[in-house]
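Engineer: Dumping the structure here so I can ask a few things about it.
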Amino acid sequence: MGKKEPYIVMNCTRTMKRLANASSFTTLLTNACSVLELRVDPVTVRVFMDHAGAEVTRQSWTFSRFRRFAMFVILRPGEEWLPTPPMHLNAQLQRGVDRSHLESIEEDDEWFVGLADKFTLKNQFLSWNSTSRIRGYLRNLRQAINKQVRDPFIRKRVFGPLLHKFKVKLRENGYHGCYFDRLSLRAICNEEGVFPCEGKYYLAMCDEDHPVKPAANRHSRKLFEKFEYDHQVPQCVLQDAFIQASQNVPRGMVLNWEYFYSMFFTRANVRLVNGIFCHEKGARPTIKLDEKSFFTDRKLEVFPESQPSPSMVLELSEEIIRVARAALPSLAEEKGQKERESLLKFNAETIYEAEINAPKLYFFGFR
């Protein structure tokens, strides 16, 4: 049994509003029926979040933390209820006419005031708004690697190819600009172009009134600029896990870079929140990474029909590097790292030339 917290409960007509203390979903139902004098079995009532309109179930209560004095509407069997229009959205539209149906700068030049000249369409700016944030996450990851990994050889050989894979996949996905593109099927907004605040990380949904319709007018656009992407698993935790996992791949396994990609850049771990009210920063002990997804079984890769260059072998085949390293003659320490690396490259290329007619099947992921 958890600690009792105060909540505000109302009947379906909002003519009665009372305070109910509850430590669980069951006690909320019981106390709400009591203070509202509903005279029904508490098990038969339904609970909805005021304004947001979402139904609160026993499961969502278990996996969410609702703020103190959150407002709930209690419905008896057979009662219907419509949520009140979001006050914040109404306030936005009161500050200017809703011109979301206009798209270009020629049609609604006021909307573009203060933006760079390159933006001539609303969707163009909104998509760029998303891509610029996603690009920033890749930049943050690169900076974290440079800070934590001192060895330039490891940065180049281990993390260089991984960052390249991230960049290629981000380009394929348009840096996920579709999340803010009102015309995209993957957009976070609804059909009317209203973007919701998805709430604090420990809530299943936002219990405040934070939706925004950025295409409506310039005031709404500025409000939307205060919205932020919130990583459920924070970036710093992801960065540390990625850096450690990349350098400690178990024998016979390969890093599951696509899992980390999804956690850094996609909706698998990213939600849209109001940056002022719902973006709580700091430690999140209740949310953990799935460590079982860090690695996958190594795969059998086949070289293409065209012969790979020696540099490709050096980049891709750790087995070639291992054999070449074993073939190195013992060098005195005073000869230095540069000379040893030069000889390593020479031997690797020599081994490649000797085996150029061998079958082009190699197992990768040797440790």
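Identifiers in the structure tokens: chain A, B, ... in order shown; residue index from 1 per chain; ligand index from 1 in order shown.
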If we count only C-alpha atoms and set the cut-off at 12 Å, which residues sit around Gln143 in chain A, ignoring sequence neighbours fewer than 5 positions away in its own chain? Please answer as a VMD selection string.
Structural biologist: chain A and resid 136 to 138 148 to 150 155 159 163 236 239 to 240 243
Engineer: Using only C-alpha atoms, which protein or nucleic acid residues come within 10 Å of Phe125 in chain A? Drop anything in the same chain fewer than 5 positions from it, and give the result as a list in words.
Structural biologist: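 The neighbour list is Phe112, Leu115, Ala116, Lys118, Phe119, Thr120, Ser130, Thr131, Gly177, Phe180 and Asp181 of chain A.
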Engineer: Please produce an output containing all heavy atoms for each residue in the selection, written as an mmCIF file, in the first residue's frame.
Structural biologist:
```
data_model
loop_
_atom_site.group_PDB
_atom_site.id
_atom_site.type_symbol
_atom_site.label_atom_id
_atom_site.label_comp_id
_atom_site.auth_asym_id
_atom_site.auth_seq_id
_atom_site.Cartn_x
_atom_site.Cartn_y
_atom_site.Cartn_z
ATOM 1 N N PHE A 112 5.694 33.345 -40.690
ATOM 2 C CA PHE A 112 7.117 33.135 -40.950
ATOM 3 C C PHE A 112 7.996 34.264 -40.410
ATOM 4 O O PHE A 112 9.218 34.230 -40.609
ATOM 5 C CB PHE A 112 7.352 32.992 -42.455
ATOM 6 C CG PHE A 112 6.736 31.755 -43.044
ATOM 7 C CD1 PHE A 112 5.411 31.744 -43.455
ATOM 8 C CD2 PHE A 112 7.479 30.592 -43.181
ATOM 9 C CE1 PHE A 112 4.838 30.604 -43.997
ATOM 10 C CE2 PHE A 112 6.918 29.445 -43.720
ATOM 11 C CZ PHE A 112 5.589 29.451 -44.119
ATOM 12 N N LEU A 115 11.770 33.831 -38.958
ATOM 13 C CA LEU A 115 12.406 32.604 -39.433
ATOM 14 C C LEU A 115 13.390 32.921 -40.555
ATOM 15 O O LEU A 115 13.329 33.975 -41.182
ATOM 16 C CB LEU A 115 11.354 31.609 -39.938
ATOM 17 C CG LEU A 115 10.310 31.140 -38.926
ATOM 18 C CD1 LEU A 115 9.384 30.113 -39.567
ATOM 19 C CD2 LEU A 115 10.964 30.562 -37.684
ATOM 20 N N ALA A 116 14.293 31.995 -40.816
ATOM 21 C CA ALA A 116 15.271 32.166 -41.891
ATOM 22 C C ALA A 116 14.560 32.213 -43.245
ATOM 23 O O ALA A 116 13.473 31.647 -43.421
ATOM 24 C CB ALA A 116 16.285 31.029 -41.859
ATOM 25 N N LYS A 118 15.132 30.683 -45.870
ATOM 26 C CA LYS A 118 15.025 29.413 -46.594
ATOM 27 C C LYS A 118 13.691 28.719 -46.354
ATOM 28 O O LYS A 118 13.308 27.820 -47.107
ATOM 29 C CB LYS A 118 16.163 28.478 -46.194
ATOM 30 C CG LYS A 118 16.127 28.034 -44.735
ATOM 31 C CD LYS A 118 17.278 27.082 -44.414
ATOM 32 C CE LYS A 118 17.241 26.621 -42.960
ATOM 33 N NZ LYS A 118 18.351 25.690 -42.652
ATOM 34 N N PHE A 119 12.962 29.115 -45.318
ATOM 35 C CA PHE A 119 11.685 28.474 -45.017
ATOM 36 C C PHE A 119 10.563 29.212 -45.733
ATOM 37 O O PHE A 119 10.313 30.395 -45.475
ATOM 38 C CB PHE A 119 11.427 28.459 -43.508
ATOM 39 C CG PHE A 119 12.453 27.702 -42.724
ATOM 40 C CD1 PHE A 119 13.254 28.354 -41.795
ATOM 41 C CD2 PHE A 119 12.630 26.345 -42.920
ATOM 42 C CE1 PHE A 119 14.207 27.660 -41.067
ATOM 43 C CE2 PHE A 119 13.587 25.639 -42.204
ATOM 44 C CZ PHE A 119 14.373 26.303 -41.280
ATOM 45 N N THR A 120 9.888 28.494 -46.620
ATOM 46 C CA THR A 120 8.773 29.078 -47.367
ATOM 47 C C THR A 120 7.475 28.306 -47.174
ATOM 48 O O THR A 120 6.427 28.734 -47.636
ATOM 49 C CB THR A 120 9.103 29.117 -48.872
ATOM 50 O OG1 THR A 120 9.383 27.782 -49.328
ATOM 51 C CG2 THR A 120 10.314 30.013 -49.135
ATOM 52 N N SER A 130 12.220 19.075 -36.282
ATOM 53 C CA SER A 130 12.453 17.724 -35.766
ATOM 54 C C SER A 130 13.840 17.220 -36.141
ATOM 55 O O SER A 130 14.563 16.673 -35.302
ATOM 56 C CB SER A 130 11.384 16.767 -36.300
ATOM 57 O OG SER A 130 11.620 15.445 -35.859
ATOM 58 N N THR A 131 14.231 17.399 -37.405
ATOM 59 C CA THR A 131 15.526 16.875 -37.852
ATOM 60 C C THR A 131 16.684 17.534 -37.113
ATOM 61 O O THR A 131 17.683 16.873 -36.807
ATOM 62 C CB THR A 131 15.707 17.081 -39.362
ATOM 63 O OG1 THR A 131 15.669 18.486 -39.661
ATOM 64 C CG2 THR A 131 14.620 16.380 -40.148
ATOM 65 N N GLY A 177 12.263 13.708 -39.677
ATOM 66 C CA GLY A 177 11.502 14.947 -39.784
ATOM 67 C C GLY A 177 10.013 14.693 -39.907
ATOM 68 O O GLY A 177 9.196 15.590 -39.659
ATOM 69 N N PHE A 180 7.198 15.671 -37.160
ATOM 70 C CA PHE A 180 6.549 16.983 -37.076
ATOM 71 C C PHE A 180 5.870 17.382 -38.385
ATOM 72 O O PHE A 180 5.335 18.487 -38.482
ATOM 73 C CB PHE A 180 7.571 18.063 -36.702
ATOM 74 C CG PHE A 180 8.040 18.007 -35.269
ATOM 75 C CD1 PHE A 180 9.001 18.902 -34.812
ATOM 76 C CD2 PHE A 180 7.540 17.075 -34.383
ATOM 77 C CE1 PHE A 180 9.447 18.858 -33.501
ATOM 78 C CE2 PHE A 180 7.980 17.015 -33.075
ATOM 79 C CZ PHE A 180 8.936 17.916 -32.629
ATOM 80 N N ASP A 181 5.912 16.512 -39.374
ATOM 81 C CA ASP A 181 5.300 16.800 -40.673
ATOM 82 C C ASP A 181 3.814 16.467 -40.603
ATOM 83 O O ASP A 181 3.427 15.298 -40.502
ATOM 84 C CB ASP A 181 5.983 15.979 -41.766
ATOM 85 C CG ASP A 181 5.464 16.306 -43.158
ATOM 86 O OD1 ASP A 181 4.446 17.020 -43.268
ATOM 87 O OD2 ASP A 181 6.080 15.852 -44.137
#
```
Engineer: Can you pull out the residues contacting Tyr7 in chain A? Cut-off 8 Å, using only C-alpha atoms, and skip same-chain residues under 5 positions away; I want them as a ChimeraX atom specification.
Structural biologist: /A:19-22,68-72
Engineer: Restricting the output to C-alpha atoms, write the selected residues as an mmCIF file, in the first residue's frame.
Structural biologist:
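See out_15.cif below for the written result:
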```cif
data_model
loop_
_atom_site.group_PDB
_atom_site.id
_atom_site.type_symbol
_atom_site.label_atom_id
_atom_site.label_comp_id
_atom_site.auth_asym_id
_atom_site.auth_seq_id
_atom_site.Cartn_x
_atom_site.Cartn_y
_atom_site.Cartn_z
ATOM 1 C CA LEU A 19 -11.150 16.121 -2.587
ATOM 2 C CA ALA A 20 -10.404 12.396 -2.304
ATOM 3 C CA ASN A 21 -7.280 10.847 -0.807
ATOM 4 C CA ALA A 22 -6.101 7.623 -2.386
ATOM 5 C CA ARG A 68 -1.069 15.556 -6.504
ATOM 6 C CA PHE A 69 -4.465 17.210 -7.032
ATOM 7 C CA ALA A 70 -4.851 15.679 -10.491
ATOM 8 C CA MET A 71 -8.470 16.043 -11.625
ATOM 9 C CA PHE A 72 -10.602 12.988 -12.406
#
```
Engineer: Give the answer as one residue: which of A:Arg182, A:His101, A:Arg67, A:Arg251 has the shortest atom-to-atom distance to Gly199 in chain A, using only C-alpha atoms?
Structural biologist: A:Arg67
Engineer: Could you pull the residues within 8 Å of range 258-262 of chain A, counting only C-alpha atoms, minus those fewer than 6 positions along the same chain, as number ranges by chain?
Structural biologist: A: 166, 238, 242, 268-269, 293-294
Engineer: DSSP on the backbone: which residues in range 34-178 of chain A end up as helix (DSSP H, G or I)? Give the answer as a PyMOL selection string.
Structural biologist: chain A and resi 34-35+42-44+58-62+87-94+109-112+122-148+152-172+174-178
Engineer: For Pro196 in chain A, please output as a PyMOL selection string all residues within 8 Å (counting only C-alpha atoms; exclusion window: fewer than 5 positions along the same chain).
Structural biologist: chain A and resi 188-189+210-212+272-273
Engineer: How close does each residue of range 4-39 of chain A get to range 52-58 of chain A, giving the shortest atom pair and distance in Å to one decimal for every residue with an atom at most 10 Å away, counting only C-alpha atoms, sorted by chain and residue number, as JSON lines?
Structural biologist:
```
{"residue": "A:Ser24", "atom": "CA", "partner": "A:Arg58", "partner_atom": "CA", "distance": 8.9}
{"residue": "A:Phe25", "atom": "CA", "partner": "A:Arg58", "partner_atom": "CA", "distance": 6.0}
{"residue": "A:Thr26", "atom": "CA", "partner": "A:Arg58", "partner_atom": "CA", "distance": 8.2}
```
Engineer: With all heavy atoms retained, export the selected residues as a JSON list (two decimals), in the first residue's frame.
Structural biologist:
```json
[["chain", "number", "residue", "atom", "x", "y", "z"],
["A", 24, "SER", "N", -4.24, 3.92, -3.87],
["A", 24, "SER", "CA", -4.32, 2.90, -4.91],
["A", 24, "SER", "C", -5.55, 3.18, -5.76],
["A", 24, "SER", "O", -6.38, 4.04, -5.42],
["A", 24, "SER", "CB", -4.41, 1.49, -4.31],
["A", 24, "SER", "OG", -5.62, 1.35, -3.58],
["A", 25, "PHE", "N", -5.67, 2.46, -6.85],
["A", 25, "PHE", "CA", -6.83, 2.65, -7.72],
["A", 25, "PHE", "C", -8.12, 2.25, -7.00],
["A", 25, "PHE", "O", -9.16, 2.90, -7.15],
["A", 25, "PHE", "CB", -6.65, 1.82, -9.00],
["A", 25, "PHE", "CG", -7.69, 2.09, -10.04],
["A", 25, "PHE", "CD1", -7.75, 3.31, -10.69],
["A", 25, "PHE", "CD2", -8.62, 1.11, -10.38],
["A", 25, "PHE", "CE1", -8.72, 3.56, -11.66],
["A", 25, "PHE", "CE2", -9.58, 1.35, -11.35],
["A", 25, "PHE", "CZ", -9.63, 2.58, -11.99],
["A", 26, "THR", "N", -8.05, 1.21, -6.21],
["A", 26, "THR", "CA", -9.23, 0.75, -5.47],
["A", 26, "THR", "C", -9.70, 1.79, -4.47],
["A", 26, "THR", "O", -10.90, 2.09, -4.37],
["A", 26, "THR", "CB", -8.93, -0.58, -4.75],
["A", 26, "THR", "OG1", -8.56, -1.57, -5.72],
["A", 26, "THR", "CG2", -10.15, -1.06, -3.97]]
```
Engineer: Could you please determine the separation between CA of Asp230 in chain A and CA of His164 in chain A in Å, to one decimal place?
Structural biologist: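 We find that CA of Asp230 in chain A and CA of His164 in chain A lie 24.2 Å from each other.
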Engineer: Between A:Met263, A:Ala144, A:Val35, A:Val113, which residue has the minimum interatomic distance to Lys222 in chain A, considering only C-alpha atoms?
Structural biologist: A:Val113
Engineer: Using only C-alpha atoms, find the one residue out of A:Gly78, A:Asp109, A:Arg18, A:Gln232 that sits nearest to Thr44 in chain A.
Structural biologist: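 Between A:Gly78, A:Asp109, A:Arg18, A:Gln232, the residue approaching Thr44 in chain A most closely is A:Gly78.
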Engineer: Please determine, counting only C-alpha atoms, which residue among A:Ser246, A:Ser220, A:Asn146, A:Ser132 has the shortest atom-to-atom distance to Pro161 in chain A.
Structural biologist: A:Ser246
Engineer: Tell me which protein, DNA and RNA residues are within 12 Å of Arg14 in chain A, counting only C-alpha atoms, leaving out same-chain ones fewer than 4 positions away, and put them as a short mmCIF file (atom, residue, chain, number, x, y, z; two decimals) with all heavy atoms, in the first residue's frame.
Structural biologist:
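Now in result.cif:
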```cif
data_model
loop_
_atom_site.label_atom_id
_atom_site.label_comp_id
_atom_site.auth_asym_id
_atom_site.auth_seq_id
_atom_site.Cartn_x
_atom_site.Cartn_y
_atom_site.Cartn_z
N ILE A 8 -8.50 15.44 -6.98
CA ILE A 8 -9.79 16.12 -7.12
C ILE A 8 -10.68 15.26 -8.00
O ILE A 8 -10.28 14.88 -9.11
CB ILE A 8 -9.61 17.52 -7.73
CG1 ILE A 8 -8.77 18.39 -6.79
CG2 ILE A 8 -10.97 18.18 -7.99
CD1 ILE A 8 -8.42 19.75 -7.36
N VAL A 9 -11.88 14.96 -7.51
CA VAL A 9 -12.82 14.12 -8.27
C VAL A 9 -14.10 14.91 -8.50
O VAL A 9 -14.50 15.75 -7.68
CB VAL A 9 -13.12 12.81 -7.52
CG1 VAL A 9 -11.88 11.94 -7.45
CG2 VAL A 9 -13.65 13.07 -6.11
N MET A 10 -14.73 14.66 -9.66
CA MET A 10 -15.95 15.37 -10.03
C MET A 10 -16.96 14.38 -10.59
O MET A 10 -16.59 13.32 -11.10
CB MET A 10 -15.64 16.43 -11.10
CG MET A 10 -14.69 17.52 -10.63
SD MET A 10 -14.23 18.62 -11.99
CE MET A 10 -13.12 17.54 -12.91
N ARG A 18 -14.96 17.41 -5.35
CA ARG A 18 -14.54 17.07 -4.00
C ARG A 18 -13.08 16.61 -3.99
O ARG A 18 -12.52 16.24 -5.02
CB ARG A 18 -15.42 15.96 -3.42
CG ARG A 18 -16.88 16.33 -3.24
CD ARG A 18 -17.06 17.33 -2.11
NE ARG A 18 -18.46 17.60 -1.85
CZ ARG A 18 -19.16 18.57 -2.43
NH1 ARG A 18 -18.56 19.37 -3.33
NH2 ARG A 18 -20.43 18.78 -2.13
N LEU A 36 -18.51 11.92 -3.41
CA LEU A 36 -19.44 12.43 -4.42
C LEU A 36 -20.86 11.91 -4.21
O LEU A 36 -21.77 12.29 -4.97
CB LEU A 36 -18.96 12.03 -5.83
CG LEU A 36 -17.65 12.68 -6.30
CD1 LEU A 36 -17.23 12.12 -7.66
CD2 LEU A 36 -17.79 14.20 -6.39
N ASP A 50 -9.69 14.62 -16.44
CA ASP A 50 -10.35 15.82 -16.91
C ASP A 50 -9.49 16.50 -17.96
O ASP A 50 -8.26 16.50 -17.89
CB ASP A 50 -10.61 16.77 -15.74
CG ASP A 50 -11.54 17.90 -16.13
OD1 ASP A 50 -12.42 17.67 -16.97
OD2 ASP A 50 -11.38 19.01 -15.59
N HIS A 51 -10.13 17.12 -18.95
CA HIS A 51 -9.49 17.82 -20.08
C HIS A 51 -8.83 16.83 -21.04
O HIS A 51 -9.12 16.86 -22.23
CB HIS A 51 -8.44 18.84 -19.60
CG HIS A 51 -8.99 19.89 -18.70
ND1 HIS A 51 -10.09 20.64 -19.01
CD2 HIS A 51 -8.58 20.30 -17.47
CE1 HIS A 51 -10.35 21.48 -18.03
NE2 HIS A 51 -9.46 21.30 -17.08
N MET A 71 -7.01 15.97 -11.58
CA MET A 71 -8.47 16.04 -11.62
C MET A 71 -9.03 14.86 -12.41
O MET A 71 -8.63 14.61 -13.55
CB MET A 71 -8.90 17.37 -12.25
CG MET A 71 -8.38 18.59 -11.48
SD MET A 71 -8.81 20.17 -12.24
CE MET A 71 -10.58 20.19 -11.99
N PHE A 72 -9.98 14.15 -11.79
CA PHE A 72 -10.60 12.99 -12.41
C PHE A 72 -12.12 13.17 -12.43
O PHE A 72 -12.71 13.75 -11.51
CB PHE A 72 -10.27 11.71 -11.64
CG PHE A 72 -8.80 11.40 -11.57
CD1 PHE A 72 -8.10 11.54 -10.39
CD2 PHE A 72 -8.12 10.97 -12.70
CE1 PHE A 72 -6.75 11.26 -10.32
CE2 PHE A 72 -6.77 10.68 -12.65
CZ PHE A 72 -6.08 10.83 -11.46
N VAL A 73 -12.74 12.65 -13.49
CA VAL A 73 -14.19 12.63 -13.60
C VAL A 73 -14.65 11.19 -13.37
O VAL A 73 -14.13 10.26 -13.99
CB VAL A 73 -14.65 13.12 -14.99
CG1 VAL A 73 -16.16 13.00 -15.12
CG2 VAL A 73 -14.22 14.56 -15.20
N ILE A 74 -15.63 11.01 -12.48
CA ILE A 74 -16.13 9.69 -12.11
C ILE A 74 -17.49 9.48 -12.77
O ILE A 74 -18.42 10.29 -12.56
CB ILE A 74 -16.24 9.54 -10.58
CG1 ILE A 74 -14.95 10.01 -9.89
CG2 ILE A 74 -16.57 8.10 -10.22
CD1 ILE A 74 -13.72 9.21 -10.27
N LEU A 75 -17.63 8.42 -13.54
CA LEU A 75 -18.88 8.13 -14.24
C LEU A 75 -19.53 6.87 -13.69
O LEU A 75 -18.88 5.83 -13.55
CB LEU A 75 -18.63 7.95 -15.74
CG LEU A 75 -17.99 9.11 -16.51
CD1 LEU A 75 -17.95 8.78 -18.00
CD2 LEU A 75 -18.75 10.40 -16.27
N TRP A 81 -19.85 11.36 -20.98
CA TRP A 81 -19.15 12.59 -20.61
C TRP A 81 -18.21 13.00 -21.73
O TRP A 81 -17.60 12.16 -22.40
CB TRP A 81 -18.35 12.33 -19.32
CG TRP A 81 -17.30 13.35 -19.02
CD1 TRP A 81 -17.45 14.57 -18.45
CD2 TRP A 81 -15.90 13.21 -19.28
NE1 TRP A 81 -16.25 15.21 -18.33
CE2 TRP A 81 -15.27 14.39 -18.84
CE3 TRP A 81 -15.11 12.21 -19.84
CZ2 TRP A 81 -13.91 14.61 -18.94
CZ3 TRP A 81 -13.76 12.41 -19.95
CH2 TRP A 81 -13.17 13.60 -19.50
N LEU A 82 -18.11 14.30 -21.98
CA LEU A 82 -17.18 14.83 -22.97
C LEU A 82 -16.16 15.70 -22.25
O LEU A 82 -16.54 16.54 -21.42
CB LEU A 82 -17.92 15.66 -24.02
CG LEU A 82 -18.86 14.89 -24.96
CD1 LEU A 82 -19.59 15.86 -25.86
CD2 LEU A 82 -18.07 13.87 -25.77
N PRO A 83 -14.89 15.54 -22.56
CA PRO A 83 -13.87 16.36 -21.91
C PRO A 83 -14.00 17.82 -22.32
O PRO A 83 -14.45 18.13 -23.42
CB PRO A 83 -12.55 15.76 -22.40
CG PRO A 83 -12.90 15.11 -23.70
CD PRO A 83 -14.30 14.60 -23.54
N THR A 84 -13.62 18.71 -21.43
CA THR A 84 -13.63 20.13 -21.77
C THR A 84 -12.53 20.41 -22.77
O THR A 84 -11.47 19.77 -22.75
CB THR A 84 -13.38 20.98 -20.51
OG1 THR A 84 -12.16 20.56 -19.92
CG2 THR A 84 -14.51 20.82 -19.52
#
```
Engineer: Enumerate the residues of range 43-268 of chain A with a DSSP assignment of strand (DSSP E or B), computed from the backbone, and present them as a list in words.
Structural biologist: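 DSSP-assigned strand (DSSP E or B) residues in range 43-268 of chain A: Arg46, Val47, Phe48, Met49, Glu55, Val56, Met71, Phe72, Val73, Ile74, Leu75, Ser104, Leu121, Phe195, Val212, Phe227, Glu228, Tyr229, Asp230, His231, Met253, Val254 and Leu255 of chain A.
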Engineer: Restricting the output to C-alpha atoms, write the selected residues as a PDB file, in the first residue's frame.
Structural biologist:
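The file below, result_30.pdb, is the result:
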```
ATOM      1  CA  ARG A  46     -15.278   4.528 -14.645  1.00  0.00           C
ATOM      2  CA  VAL A  47     -12.533   7.120 -14.170  1.00  0.00           C
ATOM      3  CA  PHE A  48     -11.409   9.687 -16.736  1.00  0.00           C
ATOM      4  CA  MET A  49      -8.762  12.397 -16.696  1.00  0.00           C
ATOM      5  CA  GLU A  55      -9.771   6.718 -19.287  1.00  0.00           C
ATOM      6  CA  VAL A  56      -7.767   5.658 -16.256  1.00  0.00           C
ATOM      7  CA  MET A  71      -8.470  16.043 -11.625  1.00  0.00           C
ATOM      8  CA  PHE A  72     -10.602  12.988 -12.406  1.00  0.00           C
ATOM      9  CA  VAL A  73     -14.192  12.627 -13.602  1.00  0.00           C
ATOM     10  CA  ILE A  74     -16.126   9.687 -12.113  1.00  0.00           C
ATOM     11  CA  LEU A  75     -18.884   8.133 -14.243  1.00  0.00           C
ATOM     12  CA  SER A 104       3.046  28.858 -47.909  1.00  0.00           C
ATOM     13  CA  LEU A 121       6.373  26.325 -46.211  1.00  0.00           C
ATOM     14  CA  PHE A 195       0.443  17.995 -31.238  1.00  0.00           C
ATOM     15  CA  VAL A 212      -0.407  22.907 -29.374  1.00  0.00           C
ATOM     16  CA  PHE A 227       8.143  21.539 -26.777  1.00  0.00           C
ATOM     17  CA  GLU A 228      11.009  19.062 -26.480  1.00  0.00           C
ATOM     18  CA  TYR A 229      11.806  15.462 -27.224  1.00  0.00           C
ATOM     19  CA  ASP A 230      12.148  13.559 -23.966  1.00  0.00           C
ATOM     20  CA  HIS A 231      14.182  10.342 -23.881  1.00  0.00           C
ATOM     21  CA  MET A 253      28.235 -11.990 -30.726  1.00  0.00           C
ATOM     22  CA  VAL A 254      27.956  -8.631 -32.478  1.00  0.00           C
ATOM     23  CA  LEU A 255      26.661  -5.324 -31.194  1.00  0.00           C
TER      24      LEU A 255
END
```
Engineer: Quick one: of A:Thr30, A:Ser184, A:Asn173, A:Asn140, who's nearest to Asn123 in chain A, counting only C-alpha atoms?
Structural biologist: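 Counting only C-alpha atoms, the residue closest to Asn123 in chain A is A:Ser184.
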Engineer: Quick check, in Å to one decimal: how far apart do CA of Lys213 in chain A and CA of Thr13 in chain A lie?
Structural biologist: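 Pair CA of Lys213 in chain A / CA of Thr13 in chain A returns 28.0 Å.
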